[in-house]
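K.L.:
Would you mind keeping the following structure in view while I ask a few things?
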Amino acid sequence: MTHLEVIARETGISLSSVTATSKLIAEGGTVPFISRYRKEQTGSLDEVQITTIRDRMLQLAELDSRRTAVLKSLEERSLLTPELKKKLEAALTVNAVEDIFAPYRPKRQTRATKAIERGLTPLADFIFENQSADPEEEAAKFLNPEMEVPTIVEALAGARDIIAERVADDAPLRGRVRKIYEEDATVSSKIMYGKDEEADAQKFRDYFEWSEPFHSIPSHRMLAIRRGEKEGFLLMRVEVPLDRVTGTALPDWVKSTGPAGKHVAQAVEDGCKRLLMPSMETEARLLAKKRADETAISVFADNFRELLLASPLGEKRLLAIDPGFRTGCKTVVLDRSGKLLHHTVLHATAGSNTQLYDAAVEVTTLIKKHDIEAIAIGNGTASRETEAFIKKLKLPSSIPVVMVNESGASIYSASDVAREEFPNEDVTVRGAVSIGRRLMDPLAELVKIDAKAIGVGQYQHDVDQRALKASLDDTVVSAVNSVGVELNTASKQLLSYVSGLNASLAENIVAFRNENGAFTSREQLKKVPRLGEKAFEQAAGFLRVRGGNHPLDSSAVHPERYPLVEKMASDAGCKVEDLLGNEAARKKIDLQKYVDDQVGLPTLKDIVAELAKPGRDPRKQFELFSFVEGVEKPSDLQIGMKLPGIVTNVTAFGAFVDVGVHQDGLVHVSQLADHFIRDASEVVKVGQKVQVTVVEVDLKRNRIALSMKSKVDLDNRRSTGEDRDARPNNNSGNRGHRPQGGGRNPDFRPNSAPNNDWFSQALSQAKKK
């Protein structure tokens with residue numbers, strides 16, 4: 001069976017689609033390009049299906065590589081037989097290859113290899129083949145003090161060691177036992193001796209005495225137990241009963257209850273217990289890690305995609321503030337393109353009335369001078385206090401005040417990218433700029449930051465880092481290309497994720513733009529150094545040129561289809577521009593007329609949809625959100641309080657929600673909906689605006705429990721206790737989630753902040769400037 005046939009069988013995708021997709025990938029096609037512009041060849045496969053084919057092709061290539069290495073090893077040692085070669089070539093997994101290779105794998109000194117060196121292989125063969133016989137007489141023939149076989153007991157023990165290793169290396173048996181582990185094993189964990197009283201061990205106390213089925217253990221629990229083991233507090237085992245393994249092995253190996261048969265039975269039990277089961281436990285641990293990693297990486301990627309595709313405010317003149325107490329609020333003014341115009345420090349959250357007065361004057365002056373259209377405030381320390389300060393200024397309702405998730409802004413501010421953009425500014429200014437730009441266009445700004453620093457996953461530092469990076473890169477590429485990139489304003493970081501481009505080509509594009517001015521057409525891309533025909537083919541459809549020479553340059557219609565659209569316009573008796581703005585003209589298009597061996601209905605339908613809304617942004621329209629005034633810290637929360645919030649992280653066990661108190665609360669998966677759900681992602685997404693009820697508050701441990709159920713039984717509430725150390729990111733706001741205690745007042749209504757006289761004076765003073 002060929003690799004393409006294997007993939008088609010595993011995925012349920014037609015062989016023709018798999019074949020066409022693999023060919024396009026081999027020719028340098030990217031996932032976004034193939035998905036969008038080669039639908040006829042693939043049968044309209046989506047990005048997920050194309051990625052699955054690509055990744056499986058890589059896995060099968062690795063399988064081929066390992067198979068080749070095994071065949072070479074056997075051939076070099078003159079062990080390769082036609083039958084063995086046939087078995088290896090038929091193996092469809094790496095495990096199958098390794099099981100076949102196991103008896104022939106070069107081994108370090110084992111009890112069996114020592115027995116073989118002492119010449120006991122014929123005795124082992126005799127015992128296995130003559131199980132009704134008494135083996136002692138035969139064993140006496142192998143006594144040889146010089147070969148360290150002084151007694152019959154030692155001769156028989158050596159023979160049993162040889163049989164035991166044969167049992168452990170038996171490929172069919174390994175396959176059956178592997179299945180037993182996958183279906184029936186139990187994962188258990190215990191506290192390491194003497195560690196139970198250590199403070200750092202308490203975050204793993206749920207797992208001091210824990211067990212559950214291997215096949216169903218959730219990703220976050222497996223990763224938590226493994227972290228506890230790595231830090232030296234827990235001992236983890238993956239086990240099945242010995243008789244489950246010996247029960248499947250004995251019928252194949254023991255053929256008689258005679259004297260020799262008893263030795264074989266003893267060898268089988270020894271081989272299972274001492275060799276096979278530890279080997280299978282190691283495999284099971286690796287499999288559990290792989291599964292847990294895949295789930296955690298998937299959660300991270302899904303959350304990250306939601307962040308990347310968050311609603312952009314758009315091009316606005318912004319006042320962006322990175323809040324602070326002692327050091328003040330770092331404040332910047334950005335123009336509509338995100339260019340830094342001015343920066344200052346405002347003492348708006350702490351200090352004397354004089355400082356507050358000066359800050360109020362400066363803010364209102366900046367708003368008036370730069371005709372500010374929106375204000376962005378980072379959601380870190382002092383954010384609610386800064387928001388309250390701004391709202392006291394009674395600014396026009398046309399100037400929205402928006403809290404912005406600033407996760408990763410500090411990472412960006414100290415990065416090479418930020419230093420290159422703002423070589424003469426310090427990290428505080430760069431951080432404030434990042435907060436403002438993230439409100440304008442989250443996607444364009446987040447691509448500059450290491451995804452792991454944004455903190456929307458669980459145990460991201462414990463999973464396979466190569467797999468995590470590959471998944472997050474795929475996520476960014478998918479998000480960037482689904483939105484499209486404005487060629488004349490995009491940073492080189494954003495351009496580098498466009499289909500067909502890389503960091504080097506992106507840098508060349510920006511350099512060409514700086515030297516020659518704005519691009520006037522997509523066609524002009526071909527003049528960029530080292531950007532060849534293939535890169536142009538892959539990238540052009542995802543790049544936008546507003547006001548370009550061709551009316552379709554700002555759309556998602558690929559340049560290769562411009563002649564087709566021009567023919568459509570000609571046939572409809574109008575210009576291409578008319579097709580873009582005139583529904584009546586588009587209705588004249590008979591798609592069947594343009595179907596040929598290169599273009600089918602899927603592409604034609606995409607083209608017409610794009611003509612209706614050229615260059616449309618698939619992201620949702622921006623909606624203003626505000627936290628409840630007066631609820632600014634955990635101590636302001638009361639049981640039963642209903643609050644608006646924003647989902648900041650989604651994990652398998654629940655969702656973390658920011659309600660504006662500098663500490664995210666947890667909505668456990670059991671509290672996300674009135675009906676049963678298995679996974680939080682079924683109900684909520686990162687960035688989603690939700691209504692929650694405060695269920696429990698633990699001020700000592702800084703933990704808040706919330707509920708999204710329509711009716712919450714506050715009298716019978718209980719905390720989940722699950723995964724106390726499930727810290728999904730590096731932000732202190734998401735650290736715990738088992739709050740307890742607190743009073744209950746469902747009718748609580750926070751008071752508005754007082755309006756001091758110095759604000760009125762500041763407003764008057766600013767108007768004079």
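Note on naming: chains are A, B, ... as they come in the structure tokens, residues start from 1 per chain, ligands start from 1 in the order shown.
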Which residues come within 10 Å of A:Ser211, counting only C-alpha atoms, excluding same-chain residues fewer than 4 positions away, as a ChimeraX atom specification?
P.N.:
/A:186-190,207,217,236-238
K.L.:
For the structure I just gave you, how does DSSP split stretch 430-528 of chain A - specifically, which residues are helix (DSSP H, G or I)? Reply as JSON, numbers by chain.
P.N.:
{"A": [430, 431, 432, 433, 434, 435, 436, 437, 438, 439, 440, 442, 443, 444, 445, 446, 451, 452, 453, 465, 466, 467, 468, 469, 470, 471, 472, 473, 474, 475, 476, 477, 478, 479, 480, 481, 482, 483, 492, 493, 494, 495, 503, 504, 505, 506, 507, 508, 509, 510, 511, 512, 513, 514, 515, 516, 523, 524, 525, 526, 527]}
K.L.:
Please, which residues in stretch 295-322 of chain A fall within 9 Å of stretch 442-451 of chain A when counting only C-alpha atoms, and what is the closest atom pair and distance in Å to one decimal for each, ordered by chain then residue number, as a tab-separated table?
P.N.:
```
residue	atom	partner	partner_atom	distance
A:Phe304	CA	A:Ala451	CA	7.6
A:Leu307	CA	A:Pro442	CA	7.4
A:Leu308	CA	A:Leu443	CA	4.7
A:Leu309	CA	A:Leu443	CA	6.3
A:Ala310	CA	A:Pro442	CA	6.4
A:Ser311	CA	A:Pro442	CA	7.6
A:Pro312	CA	A:Pro442	CA	6.2
A:Leu313	CA	A:Pro442	CA	8.9
```
K.L.:
Just give me the gap between atom CA of A:Ser555 and atom CA of A:Gly484 in Å, one decimal is fine.
P.N.:
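Atom CA of A:Ser555 sits 8.9 Å away from atom CA of A:Gly484.
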K.L.:
List every residue of stretch 168-304 of chain A that DSSP, applied to the backbone of this structure, assigns to strand (DSSP E), and report them as a list in words.
P.N.:
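Matching residues for strand (DSSP E) in stretch 168-304 of chain A are Thr186, Val187, Ser188, Ser189, Lys190, Ile191, Glu209, Trp210, Ser211, Glu212, Pro213, Leu234, Leu235, Met236, Arg237, Val238 and Glu239 of chain A.
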K.L.:
Using Å and a single decimal, report how far atom CA of A:Val463 sits from atom CA of A:Asp293.
P.N.:
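Separation of atom CA of A:Asp293 and atom CA of A:Val463: 5.1 Å.
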K.L.:
Could you name the residues that touch A:Lys255 at 12 Å or less, counting only C-alpha atoms, but leaving out those on the same chain fewer than 3 positions away, as a PyMOL selection string?
P.N.:
chain A and resi 127-133+249-252+258-265
K.L.:
Next, write the just-selected residues to a file, as a JSON list (two decimals), in the first residue's frame, keeping C-alpha atoms as the atom set.
P.N.:
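What ended up in out.json:
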```
[["chain", "number", "residue", "atom", "x", "y", "z"],
["A", 127, "ILE", "CA", 13.51, -26.82, 26.66],
["A", 128, "PHE", "CA", 11.10, -24.90, 24.42],
["A", 129, "GLU", "CA", 10.79, -27.69, 21.84],
["A", 130, "ASN", "CA", 10.53, -30.60, 24.34],
["A", 131, "GLN", "CA", 8.28, -29.27, 27.07],
["A", 132, "SER", "CA", 7.16, -32.72, 28.25],
["A", 133, "ALA", "CA", 10.75, -33.84, 28.86],
["A", 249, "ALA", "CA", 1.59, -14.70, 26.57],
["A", 250, "LEU", "CA", 1.41, -18.18, 28.14],
["A", 251, "PRO", "CA", -0.85, -19.86, 25.51],
["A", 252, "ASP", "CA", 1.63, -19.03, 22.74],
["A", 258, "GLY", "CA", 5.71, -31.24, 31.82],
["A", 259, "PRO", "CA", 9.00, -30.46, 33.60],
["A", 260, "ALA", "CA", 10.43, -28.42, 30.71],
["A", 261, "GLY", "CA", 7.07, -26.70, 30.21],
["A", 262, "LYS", "CA", 7.22, -25.43, 33.78],
["A", 263, "HIS", "CA", 10.60, -23.87, 33.03],
["A", 264, "VAL", "CA", 9.08, -22.21, 29.95],
["A", 265, "ALA", "CA", 6.17, -20.88, 32.04]]
```
